[in-house]
Amino acid sequence: MKPVVALVGRPNVGKSTLFNRITKSRQALVDDMPGVTRDRQYADTQWEDKAFTLVDTGGFLSVDDDYFAAQIKAQLLRAVEQADVLVFILDGRTGLSPYDRDLADLLRRTEKPVFYLINKVESLYSQENELGEFYSLGVDRLYKISAEHGLGVGDFLSDLVAMLP
Ligand code: GDP
Ligand code: MG
């Protein structure tokens, strides 16, 4: 069994975009309904000769649902159970949301390794001036990436695979 790495985070932070970039698949399908992406959820991939299974969570979540917040949490907890490594994605454009704080609290309780990524960071300006609030989460290392443009993704993947068996 390959180690399982799960991408988690609230909708629209860029999980599927990062999944597609890492797995080089272009198979994500965007549903008619806003906020719902019918994506491929699992793919075997590798980086620097280390193989792992990447999981994209959240593909079937409806933002119209009353149980939205509960669903996001349930999904994260399932990922925490099933994965060996968690990758928590935040949105550098919208900033921290209450959902992010809730999910970060849940992630703090796991013994499993967690990587924290701020996505959609495409300019030096935002890197230096707008990301301070993310440090209030109290995590050691925040990776600044752009899943869409590939910035910072290689650095993150190198640290990720260094942690895999
Ligand atoms: P998910 O709901 O977490 O899977 O998020 P998606 O991957 O579907 O992306 C949500 C939206 O954010 C889409 O409109 C993407 O094009 C956009 N997006 C994803 N990554 C980036 C990025 O690195 N930069 C910018 N500017 N937009 C991004
Ligand atoms: Mg998605």
# chains A, B, ... in the order shown; residues from 1 in each chain; ligands from 1
>>> residues_near_ligand(ligand="ligand 1", cutoff="8 Å", atoms="only C-alpha atoms and all ligand atoms", output="PDB file with N, CA and C atoms, in the first residue's frame")
ATOM      1  N   VAL A   8      -7.228  18.635   2.154  1.00  0.00           N
ATOM      2  CA  VAL A   8      -8.432  19.040   2.875  1.00  0.00           C
ATOM      3  C   VAL A   8      -8.516  20.558   2.945  1.00  0.00           C
ATOM      4  N   GLY A   9      -9.725  21.039   3.231  1.00  0.00           N
ATOM      5  CA  GLY A   9      -9.956  22.481   3.317  1.00  0.00           C
ATOM      6  C   GLY A   9     -11.367  22.774   2.844  1.00  0.00           C
ATOM      7  N   ARG A  10     -11.831  23.960   3.168  1.00  0.00           N
ATOM      8  CA  ARG A  10     -13.208  24.307   2.772  1.00  0.00           C
ATOM      9  C   ARG A  10     -13.296  24.447   1.248  1.00  0.00           C
ATOM     10  N   PRO A  11     -14.533  24.478   0.730  1.00  0.00           N
ATOM     11  CA  PRO A  11     -14.694  24.589  -0.722  1.00  0.00           C
ATOM     12  C   PRO A  11     -14.049  25.848  -1.292  1.00  0.00           C
ATOM     13  N   ASN A  12     -13.555  25.708  -2.522  1.00  0.00           N
ATOM     14  CA  ASN A  12     -13.020  26.827  -3.308  1.00  0.00           C
ATOM     15  C   ASN A  12     -11.633  27.314  -2.925  1.00  0.00           C
ATOM     16  N   VAL A  13     -10.969  26.621  -2.035  1.00  0.00           N
ATOM     17  CA  VAL A  13      -9.608  27.048  -1.700  1.00  0.00           C
ATOM     18  C   VAL A  13      -8.605  26.594  -2.762  1.00  0.00           C
ATOM     19  N   GLY A  14      -9.004  25.622  -3.596  1.00  0.00           N
ATOM     20  CA  GLY A  14      -8.116  25.179  -4.662  1.00  0.00           C
ATOM     21  C   GLY A  14      -7.627  23.739  -4.532  1.00  0.00           C
ATOM     22  N   LYS A  15      -8.362  22.914  -3.777  1.00  0.00           N
ATOM     23  CA  LYS A  15      -7.947  21.518  -3.608  1.00  0.00           C
ATOM     24  C   LYS A  15      -7.872  20.789  -4.940  1.00  0.00           C
ATOM     25  N   SER A  16      -8.933  20.934  -5.748  1.00  0.00           N
ATOM     26  CA  SER A  16      -8.965  20.180  -7.011  1.00  0.00           C
ATOM     27  C   SER A  16      -7.923  20.703  -7.993  1.00  0.00           C
ATOM     28  N   THR A  17      -7.697  22.001  -7.961  1.00  0.00           N
ATOM     29  CA  THR A  17      -6.682  22.580  -8.846  1.00  0.00           C
ATOM     30  C   THR A  17      -5.306  22.022  -8.491  1.00  0.00           C
ATOM     31  N   LEU A  18      -5.036  21.912  -7.194  1.00  0.00           N
ATOM     32  CA  LEU A  18      -3.748  21.364  -6.767  1.00  0.00           C
ATOM     33  C   LEU A  18      -3.672  19.863  -7.080  1.00  0.00           C
ATOM     34  N   PHE A  19      -4.776  19.169  -6.842  1.00  0.00           N
ATOM     35  CA  PHE A  19      -4.841  17.732  -7.160  1.00  0.00           C
ATOM     36  C   PHE A  19      -4.491  17.515  -8.637  1.00  0.00           C
ATOM     37  N   VAL A  30     -16.533  20.347 -13.837  1.00  0.00           N
ATOM     38  CA  VAL A  30     -17.239  21.328 -13.030  1.00  0.00           C
ATOM     39  C   VAL A  30     -18.735  21.166 -13.261  1.00  0.00           C
ATOM     40  N   GLY A  35     -20.154  25.770  -6.862  1.00  0.00           N
ATOM     41  CA  GLY A  35     -19.593  25.206  -5.634  1.00  0.00           C
ATOM     42  C   GLY A  35     -19.491  23.702  -5.647  1.00  0.00           C
ATOM     43  N   VAL A  36     -20.012  23.057  -6.688  1.00  0.00           N
ATOM     44  CA  VAL A  36     -19.936  21.601  -6.729  1.00  0.00           C
ATOM     45  C   VAL A  36     -19.046  21.173  -7.885  1.00  0.00           C
ATOM     46  N   THR A  37     -17.990  20.514  -7.549  1.00  0.00           N
ATOM     47  CA  THR A  37     -17.079  20.042  -8.579  1.00  0.00           C
ATOM     48  C   THR A  37     -17.100  18.524  -8.555  1.00  0.00           C
ATOM     49  N   ASP A  56      -8.374  13.849  -3.184  1.00  0.00           N
ATOM     50  CA  ASP A  56      -9.019  15.167  -3.211  1.00  0.00           C
ATOM     51  C   ASP A  56     -10.354  15.033  -2.493  1.00  0.00           C
ATOM     52  N   THR A  57     -10.511  15.713  -1.380  1.00  0.00           N
ATOM     53  CA  THR A  57     -11.773  15.610  -0.638  1.00  0.00           C
ATOM     54  C   THR A  57     -12.702  16.743  -1.053  1.00  0.00           C
ATOM     55  N   GLY A  58     -13.958  16.555  -0.819  1.00  0.00           N
ATOM     56  CA  GLY A  58     -14.895  17.673  -0.968  1.00  0.00           C
ATOM     57  C   GLY A  58     -15.539  17.834  -2.313  1.00  0.00           C
ATOM     58  N   GLY A  59     -15.347  16.871  -3.200  1.00  0.00           N
ATOM     59  CA  GLY A  59     -15.885  17.024  -4.542  1.00  0.00           C
ATOM     60  C   GLY A  59     -17.401  17.016  -4.627  1.00  0.00           C
ATOM     61  N   ILE A  89      -5.418  23.202   3.033  1.00  0.00           N
ATOM     62  CA  ILE A  89      -5.266  24.302   2.081  1.00  0.00           C
ATOM     63  C   ILE A  89      -6.122  25.486   2.499  1.00  0.00           C
ATOM     64  N   ARG A  93      -6.386  34.614  -0.982  1.00  0.00           N
ATOM     65  CA  ARG A  93      -7.139  35.760  -1.521  1.00  0.00           C
ATOM     66  C   ARG A  93      -8.279  36.162  -0.606  1.00  0.00           C
ATOM     67  N   ASN A 119      -2.889  28.964  -0.613  1.00  0.00           N
ATOM     68  CA  ASN A 119      -2.966  28.920  -2.062  1.00  0.00           C
ATOM     69  C   ASN A 119      -3.363  30.285  -2.639  1.00  0.00           C
ATOM     70  N   LYS A 120      -3.210  30.415  -3.913  1.00  0.00           N
ATOM     71  CA  LYS A 120      -3.567  31.627  -4.675  1.00  0.00           C
ATOM     72  C   LYS A 120      -2.631  32.796  -4.346  1.00  0.00           C
ATOM     73  N   VAL A 121      -1.405  32.466  -3.968  1.00  0.00           N
ATOM     74  CA  VAL A 121      -0.421  33.511  -3.688  1.00  0.00           C
ATOM     75  C   VAL A 121       0.416  33.694  -4.945  1.00  0.00           C
ATOM     76  N   GLU A 122       0.071  34.711  -5.695  1.00  0.00           N
ATOM     77  CA  GLU A 122       0.727  34.904  -6.989  1.00  0.00           C
ATOM     78  C   GLU A 122       1.598  36.137  -7.048  1.00  0.00           C
ATOM     79  N   ILE A 145       1.715  28.974  -1.996  1.00  0.00           N
ATOM     80  CA  ILE A 145       1.715  28.357  -3.329  1.00  0.00           C
ATOM     81  C   ILE A 145       0.686  29.014  -4.245  1.00  0.00           C
ATOM     82  N   SER A 146       0.835  28.754  -5.525  1.00  0.00           N
ATOM     83  CA  SER A 146      -0.242  29.009  -6.479  1.00  0.00           C
ATOM     84  C   SER A 146      -0.458  27.706  -7.235  1.00  0.00           C
ATOM     85  N   ALA A 147      -1.550  27.037  -6.908  1.00  0.00           N
ATOM     86  CA  ALA A 147      -1.855  25.762  -7.571  1.00  0.00           C
ATOM     87  C   ALA A 147      -2.073  25.983  -9.058  1.00  0.00           C
ATOM     88  N   GLU A 148      -2.665  27.134  -9.374  1.00  0.00           N
ATOM     89  CA  GLU A 148      -2.974  27.422 -10.764  1.00  0.00           C
ATOM     90  C   GLU A 148      -1.716  27.630 -11.598  1.00  0.00           C
ATOM     91  N   HIS A 149      -0.730  28.316 -11.017  1.00  0.00           N
ATOM     92  CA  HIS A 149       0.482  28.634 -11.773  1.00  0.00           C
ATOM     93  C   HIS A 149       1.673  27.753 -11.405  1.00  0.00           C
ATOM     94  N   GLY A 150       1.509  26.947 -10.389  1.00  0.00           N
ATOM     95  CA  GLY A 150       2.570  26.013 -10.007  1.00  0.00           C
ATOM     96  C   GLY A 150       3.615  26.594  -9.069  1.00  0.00           C
TER      97      GLY A 150
END
>>> closest_residue(among="A:Gln41, A:Ala6, A:Lys144, A:Ile22", to="ligand 2", atoms="only C-alpha atoms and all ligand atoms")
A:Gln41
>>> atom_distance(atom1="CA of Leu7 in chain A", atom2="CA of Asn20 in chain A")
11.5 Å
>>> residues_around(residues="Leu107 in chain A", least_positions_apart="2", cutoff="9 Å", atoms="only C-alpha atoms", output="CSV table (one decimal) with N, CA and C atoms, in the first residue's frame")
chain,number,residue,atom,x,y,z
A,76,LEU,N,-13.5,16.2,6.7
A,76,LEU,CA,-12.1,16.3,7.2
A,76,LEU,C,-11.8,15.2,8.2
A,77,LEU,N,-12.7,14.9,9.0
A,77,LEU,CA,-12.5,13.8,10.0
A,77,LEU,C,-12.3,12.5,9.3
A,80,VAL,N,-8.9,12.5,8.0
A,80,VAL,CA,-7.9,12.3,9.0
A,80,VAL,C,-7.7,10.8,9.4
A,86,LEU,N,-1.9,14.8,6.1
A,86,LEU,CA,-2.9,15.7,5.7
A,86,LEU,C,-2.3,17.0,5.1
A,88,PHE,N,-3.6,20.7,4.5
A,88,PHE,CA,-4.7,21.7,4.7
A,88,PHE,C,-4.4,22.9,3.9
A,102,ASP,N,-12.1,26.4,12.5
A,102,ASP,CA,-12.7,25.2,13.0
A,102,ASP,C,-11.9,23.9,12.5
A,103,LEU,N,-11.6,24.0,11.2
A,103,LEU,CA,-10.9,22.8,10.6
A,103,LEU,C,-9.5,22.7,11.2
A,104,ALA,N,-8.8,23.9,11.4
A,104,ALA,CA,-7.5,23.9,12.0
A,104,ALA,C,-7.5,23.3,13.4
A,105,ASP,N,-8.6,23.6,14.2
A,105,ASP,CA,-8.7,23.1,15.5
A,105,ASP,C,-8.8,21.5,15.5
A,109,ARG,N,-5.7,18.1,16.7
A,109,ARG,CA,-5.9,16.9,17.5
A,109,ARG,C,-5.3,15.7,16.9
A,110,THR,N,-4.9,15.7,15.7
A,110,THR,CA,-4.3,14.5,15.1
A,110,THR,C,-2.8,14.4,15.3
A,111,GLU,N,-2.3,13.2,15.5
A,111,GLU,CA,-0.9,12.9,15.6
A,111,GLU,C,-0.2,12.9,14.2
A,112,LYS,N,-1.1,12.8,13.2
A,112,LYS,CA,-0.5,12.6,11.9
A,112,LYS,C,0.1,13.9,11.4
A,114,VAL,N,0.7,17.2,9.4
A,114,VAL,CA,-0.2,18.1,8.6
A,114,VAL,C,0.7,19.2,8.0
>>> select_by_dssp(residues="range 81-135 of chain A", states="strand (DSSP E or B)", output="ChimeraX atom specification")
/A:85-91,114-119
>>> residues_around(residues="range 43-53 of chain A", least_positions_apart="3", cutoff="10 Å", atoms="only C-alpha atoms", output="PyMOL selection string")
chain A and resi 1-6+19-20+22-25+40+56+83-84+154+157-158+160-162+164-165
>>> decode(residues="range 61-109 of chain A", atoms="N, CA and C atoms", output="PDB file, in the first residue's frame")
ATOM      1  N   LEU A  61     -19.656  18.149  -2.272  1.00  0.00           N
ATOM      2  CA  LEU A  61     -20.281  18.976  -1.254  1.00  0.00           C
ATOM      3  C   LEU A  61     -21.168  20.031  -1.896  1.00  0.00           C
ATOM      4  N   SER A  62     -22.349  20.196  -1.374  1.00  0.00           N
ATOM      5  CA  SER A  62     -23.226  21.246  -1.875  1.00  0.00           C
ATOM      6  C   SER A  62     -23.193  22.455  -0.948  1.00  0.00           C
ATOM      7  N   VAL A  63     -22.877  23.613  -1.498  1.00  0.00           N
ATOM      8  CA  VAL A  63     -22.804  24.806  -0.653  1.00  0.00           C
ATOM      9  C   VAL A  63     -24.196  25.298  -0.262  1.00  0.00           C
ATOM     10  N   ASP A  64     -25.234  24.748  -0.907  1.00  0.00           N
ATOM     11  CA  ASP A  64     -26.592  25.176  -0.565  1.00  0.00           C
ATOM     12  C   ASP A  64     -27.135  24.426   0.642  1.00  0.00           C
ATOM     13  N   ASP A  65     -26.421  23.401   1.043  1.00  0.00           N
ATOM     14  CA  ASP A  65     -26.943  22.549   2.092  1.00  0.00           C
ATOM     15  C   ASP A  65     -26.894  23.232   3.449  1.00  0.00           C
ATOM     16  N   ASP A  66     -27.954  23.039   4.210  1.00  0.00           N
ATOM     17  CA  ASP A  66     -28.003  23.580   5.569  1.00  0.00           C
ATOM     18  C   ASP A  66     -26.891  23.006   6.439  1.00  0.00           C
ATOM     19  N   TYR A  67     -26.474  21.805   6.100  1.00  0.00           N
ATOM     20  CA  TYR A  67     -25.491  21.130   6.934  1.00  0.00           C
ATOM     21  C   TYR A  67     -24.074  21.313   6.414  1.00  0.00           C
ATOM     22  N   PHE A  68     -23.914  22.376   5.669  1.00  0.00           N
ATOM     23  CA  PHE A  68     -22.642  22.691   5.042  1.00  0.00           C
ATOM     24  C   PHE A  68     -21.442  22.555   5.996  1.00  0.00           C
ATOM     25  N   ALA A  69     -21.490  23.290   7.105  1.00  0.00           N
ATOM     26  CA  ALA A  69     -20.344  23.294   8.023  1.00  0.00           C
ATOM     27  C   ALA A  69     -20.108  21.895   8.588  1.00  0.00           C
ATOM     28  N   ALA A  70     -21.199  21.216   8.931  1.00  0.00           N
ATOM     29  CA  ALA A  70     -21.080  19.866   9.480  1.00  0.00           C
ATOM     30  C   ALA A  70     -20.491  18.917   8.451  1.00  0.00           C
ATOM     31  N   GLN A  71     -20.897  19.095   7.195  1.00  0.00           N
ATOM     32  CA  GLN A  71     -20.362  18.232   6.131  1.00  0.00           C
ATOM     33  C   GLN A  71     -18.865  18.433   5.943  1.00  0.00           C
ATOM     34  N   ILE A  72     -18.449  19.685   5.983  1.00  0.00           N
ATOM     35  CA  ILE A  72     -17.023  19.963   5.812  1.00  0.00           C
ATOM     36  C   ILE A  72     -16.227  19.290   6.925  1.00  0.00           C
ATOM     37  N   LYS A  73     -16.745  19.403   8.145  1.00  0.00           N
ATOM     38  CA  LYS A  73     -16.052  18.792   9.275  1.00  0.00           C
ATOM     39  C   LYS A  73     -16.023  17.282   9.158  1.00  0.00           C
ATOM     40  N   ALA A  74     -17.166  16.704   8.778  1.00  0.00           N
ATOM     41  CA  ALA A  74     -17.252  15.246   8.664  1.00  0.00           C
ATOM     42  C   ALA A  74     -16.251  14.750   7.628  1.00  0.00           C
ATOM     43  N   GLN A  75     -16.148  15.494   6.538  1.00  0.00           N
ATOM     44  CA  GLN A  75     -15.224  15.104   5.488  1.00  0.00           C
ATOM     45  C   GLN A  75     -13.779  15.162   5.963  1.00  0.00           C
ATOM     46  N   LEU A  76     -13.490  16.211   6.721  1.00  0.00           N
ATOM     47  CA  LEU A  76     -12.125  16.343   7.220  1.00  0.00           C
ATOM     48  C   LEU A  76     -11.802  15.203   8.186  1.00  0.00           C
ATOM     49  N   LEU A  77     -12.748  14.875   9.046  1.00  0.00           N
ATOM     50  CA  LEU A  77     -12.488  13.814  10.020  1.00  0.00           C
ATOM     51  C   LEU A  77     -12.291  12.463   9.328  1.00  0.00           C
ATOM     52  N   ARG A  78     -13.059  12.236   8.260  1.00  0.00           N
ATOM     53  CA  ARG A  78     -12.878  11.000   7.487  1.00  0.00           C
ATOM     54  C   ARG A  78     -11.472  10.973   6.870  1.00  0.00           C
ATOM     55  N   ALA A  79     -11.056  12.098   6.344  1.00  0.00           N
ATOM     56  CA  ALA A  79      -9.719  12.175   5.740  1.00  0.00           C
ATOM     57  C   ALA A  79      -8.637  11.940   6.794  1.00  0.00           C
ATOM     58  N   VAL A  80      -8.851  12.499   7.977  1.00  0.00           N
ATOM     59  CA  VAL A  80      -7.867  12.324   9.049  1.00  0.00           C
ATOM     60  C   VAL A  80      -7.727  10.842   9.398  1.00  0.00           C
ATOM     61  N   GLU A  81      -8.871  10.121   9.380  1.00  0.00           N
ATOM     62  CA  GLU A  81      -8.831   8.683   9.671  1.00  0.00           C
ATOM     63  C   GLU A  81      -8.113   7.898   8.584  1.00  0.00           C
ATOM     64  N   GLN A  82      -8.384   8.265   7.344  1.00  0.00           N
ATOM     65  CA  GLN A  82      -7.957   7.411   6.228  1.00  0.00           C
ATOM     66  C   GLN A  82      -6.568   7.736   5.692  1.00  0.00           C
ATOM     67  N   ALA A  83      -6.121   8.959   5.906  1.00  0.00           N
ATOM     68  CA  ALA A  83      -4.861   9.364   5.279  1.00  0.00           C
ATOM     69  C   ALA A  83      -3.677   9.186   6.232  1.00  0.00           C
ATOM     70  N   ASP A  84      -2.497   9.130   5.664  1.00  0.00           N
ATOM     71  CA  ASP A  84      -1.265   9.095   6.461  1.00  0.00           C
ATOM     72  C   ASP A  84      -0.727  10.499   6.692  1.00  0.00           C
ATOM     73  N   VAL A  85      -0.973  11.388   5.726  1.00  0.00           N
ATOM     74  CA  VAL A  85      -0.518  12.772   5.814  1.00  0.00           C
ATOM     75  C   VAL A  85      -1.678  13.665   5.343  1.00  0.00           C
ATOM     76  N   LEU A  86      -1.887  14.782   6.057  1.00  0.00           N
ATOM     77  CA  LEU A  86      -2.938  15.726   5.688  1.00  0.00           C
ATOM     78  C   LEU A  86      -2.306  16.985   5.110  1.00  0.00           C
ATOM     79  N   VAL A  87      -2.959  17.527   4.092  1.00  0.00           N
ATOM     80  CA  VAL A  87      -2.523  18.791   3.507  1.00  0.00           C
ATOM     81  C   VAL A  87      -3.698  19.751   3.592  1.00  0.00           C
ATOM     82  N   PHE A  88      -3.566  20.739   4.464  1.00  0.00           N
ATOM     83  CA  PHE A  88      -4.660  21.678   4.735  1.00  0.00           C
ATOM     84  C   PHE A  88      -4.440  22.919   3.872  1.00  0.00           C
ATOM     85  N   ILE A  89      -5.418  23.202   3.033  1.00  0.00           N
ATOM     86  CA  ILE A  89      -5.266  24.302   2.081  1.00  0.00           C
ATOM     87  C   ILE A  89      -6.122  25.486   2.499  1.00  0.00           C
ATOM     88  N   LEU A  90      -5.482  26.659   2.476  1.00  0.00           N
ATOM     89  CA  LEU A  90      -6.137  27.917   2.817  1.00  0.00           C
ATOM     90  C   LEU A  90      -6.100  28.827   1.595  1.00  0.00           C
ATOM     91  N   ASP A  91      -6.960  29.844   1.601  1.00  0.00           N
ATOM     92  CA  ASP A  91      -7.082  30.726   0.442  1.00  0.00           C
ATOM     93  C   ASP A  91      -6.484  32.089   0.768  1.00  0.00           C
ATOM     94  N   GLY A  92      -5.353  32.372   0.142  1.00  0.00           N
ATOM     95  CA  GLY A  92      -4.653  33.630   0.402  1.00  0.00           C
ATOM     96  C   GLY A  92      -5.386  34.846  -0.130  1.00  0.00           C
ATOM     97  N   ARG A  93      -6.386  34.614  -0.982  1.00  0.00           N
ATOM     98  CA  ARG A  93      -7.139  35.760  -1.521  1.00  0.00           C
ATOM     99  C   ARG A  93      -8.279  36.162  -0.606  1.00  0.00           C
ATOM    100  N   THR A  94      -9.007  35.165  -0.090  1.00  0.00           N
ATOM    101  CA  THR A  94     -10.140  35.507   0.781  1.00  0.00           C
ATOM    102  C   THR A  94      -9.700  35.677   2.224  1.00  0.00           C
ATOM    103  N   GLY A  95      -8.527  35.170   2.559  1.00  0.00           N
ATOM    104  CA  GLY A  95      -8.084  35.243   3.952  1.00  0.00           C
ATOM    105  C   GLY A  95      -8.702  34.137   4.787  1.00  0.00           C
ATOM    106  N   LEU A  96      -8.416  34.170   6.088  1.00  0.00           N
ATOM    107  CA  LEU A  96      -8.905  33.135   7.008  1.00  0.00           C
ATOM    108  C   LEU A  96     -10.407  33.278   7.207  1.00  0.00           C
ATOM    109  N   SER A  97     -11.102  32.154   7.214  1.00  0.00           N
ATOM    110  CA  SER A  97     -12.528  32.198   7.519  1.00  0.00           C
ATOM    111  C   SER A  97     -12.771  31.405   8.798  1.00  0.00           C
ATOM    112  N   PRO A  98     -13.956  31.588   9.406  1.00  0.00           N
ATOM    113  CA  PRO A  98     -14.278  30.798  10.607  1.00  0.00           C
ATOM    114  C   PRO A  98     -14.201  29.292  10.328  1.00  0.00           C
ATOM    115  N   TYR A  99     -14.574  28.864   9.127  1.00  0.00           N
ATOM    116  CA  TYR A  99     -14.448  27.443   8.771  1.00  0.00           C
ATOM    117  C   TYR A  99     -13.002  26.982   8.891  1.00  0.00           C
ATOM    118  N   ASP A 100     -12.105  27.837   8.404  1.00  0.00           N
ATOM    119  CA  ASP A 100     -10.687  27.466   8.460  1.00  0.00           C
ATOM    120  C   ASP A 100     -10.244  27.245   9.902  1.00  0.00           C
ATOM    121  N   ARG A 101     -10.688  28.130  10.778  1.00  0.00           N
ATOM    122  CA  ARG A 101     -10.285  28.006  12.188  1.00  0.00           C
ATOM    123  C   ARG A 101     -10.840  26.726  12.803  1.00  0.00           C
ATOM    124  N   ASP A 102     -12.094  26.398  12.470  1.00  0.00           N
ATOM    125  CA  ASP A 102     -12.692  25.156  12.979  1.00  0.00           C
ATOM    126  C   ASP A 102     -11.902  23.943  12.499  1.00  0.00           C
ATOM    127  N   LEU A 103     -11.576  23.950  11.211  1.00  0.00           N
ATOM    128  CA  LEU A 103     -10.858  22.800  10.649  1.00  0.00           C
ATOM    129  C   LEU A 103      -9.452  22.711  11.238  1.00  0.00           C
ATOM    130  N   ALA A 104      -8.824  23.870  11.416  1.00  0.00           N
ATOM    131  CA  ALA A 104      -7.479  23.874  12.010  1.00  0.00           C
ATOM    132  C   ALA A 104      -7.521  23.311  13.424  1.00  0.00           C
ATOM    133  N   ASP A 105      -8.601  23.616  14.163  1.00  0.00           N
ATOM    134  CA  ASP A 105      -8.742  23.070  15.519  1.00  0.00           C
ATOM    135  C   ASP A 105      -8.842  21.548  15.486  1.00  0.00           C
ATOM    136  N   LEU A 106      -9.599  21.031  14.513  1.00  0.00           N
ATOM    137  CA  LEU A 106      -9.726  19.577  14.395  1.00  0.00           C
ATOM    138  C   LEU A 106      -8.380  18.948  14.035  1.00  0.00           C
ATOM    139  N   LEU A 107      -7.658  19.609  13.158  1.00  0.00           N
ATOM    140  CA  LEU A 107      -6.377  19.054  12.711  1.00  0.00           C
ATOM    141  C   LEU A 107      -5.334  19.045  13.815  1.00  0.00           C
ATOM    142  N   ARG A 108      -5.456  19.991  14.740  1.00  0.00           N
ATOM    143  CA  ARG A 108      -4.504  20.044  15.845  1.00  0.00           C
ATOM    144  C   ARG A 108      -4.553  18.787  16.711  1.00  0.00           C
ATOM    145  N   ARG A 109      -5.699  18.093  16.652  1.00  0.00           N
ATOM    146  CA  ARG A 109      -5.856  16.911  17.512  1.00  0.00           C
ATOM    147  C   ARG A 109      -5.265  15.651  16.925  1.00  0.00           C
TER     148      ARG A 109
END
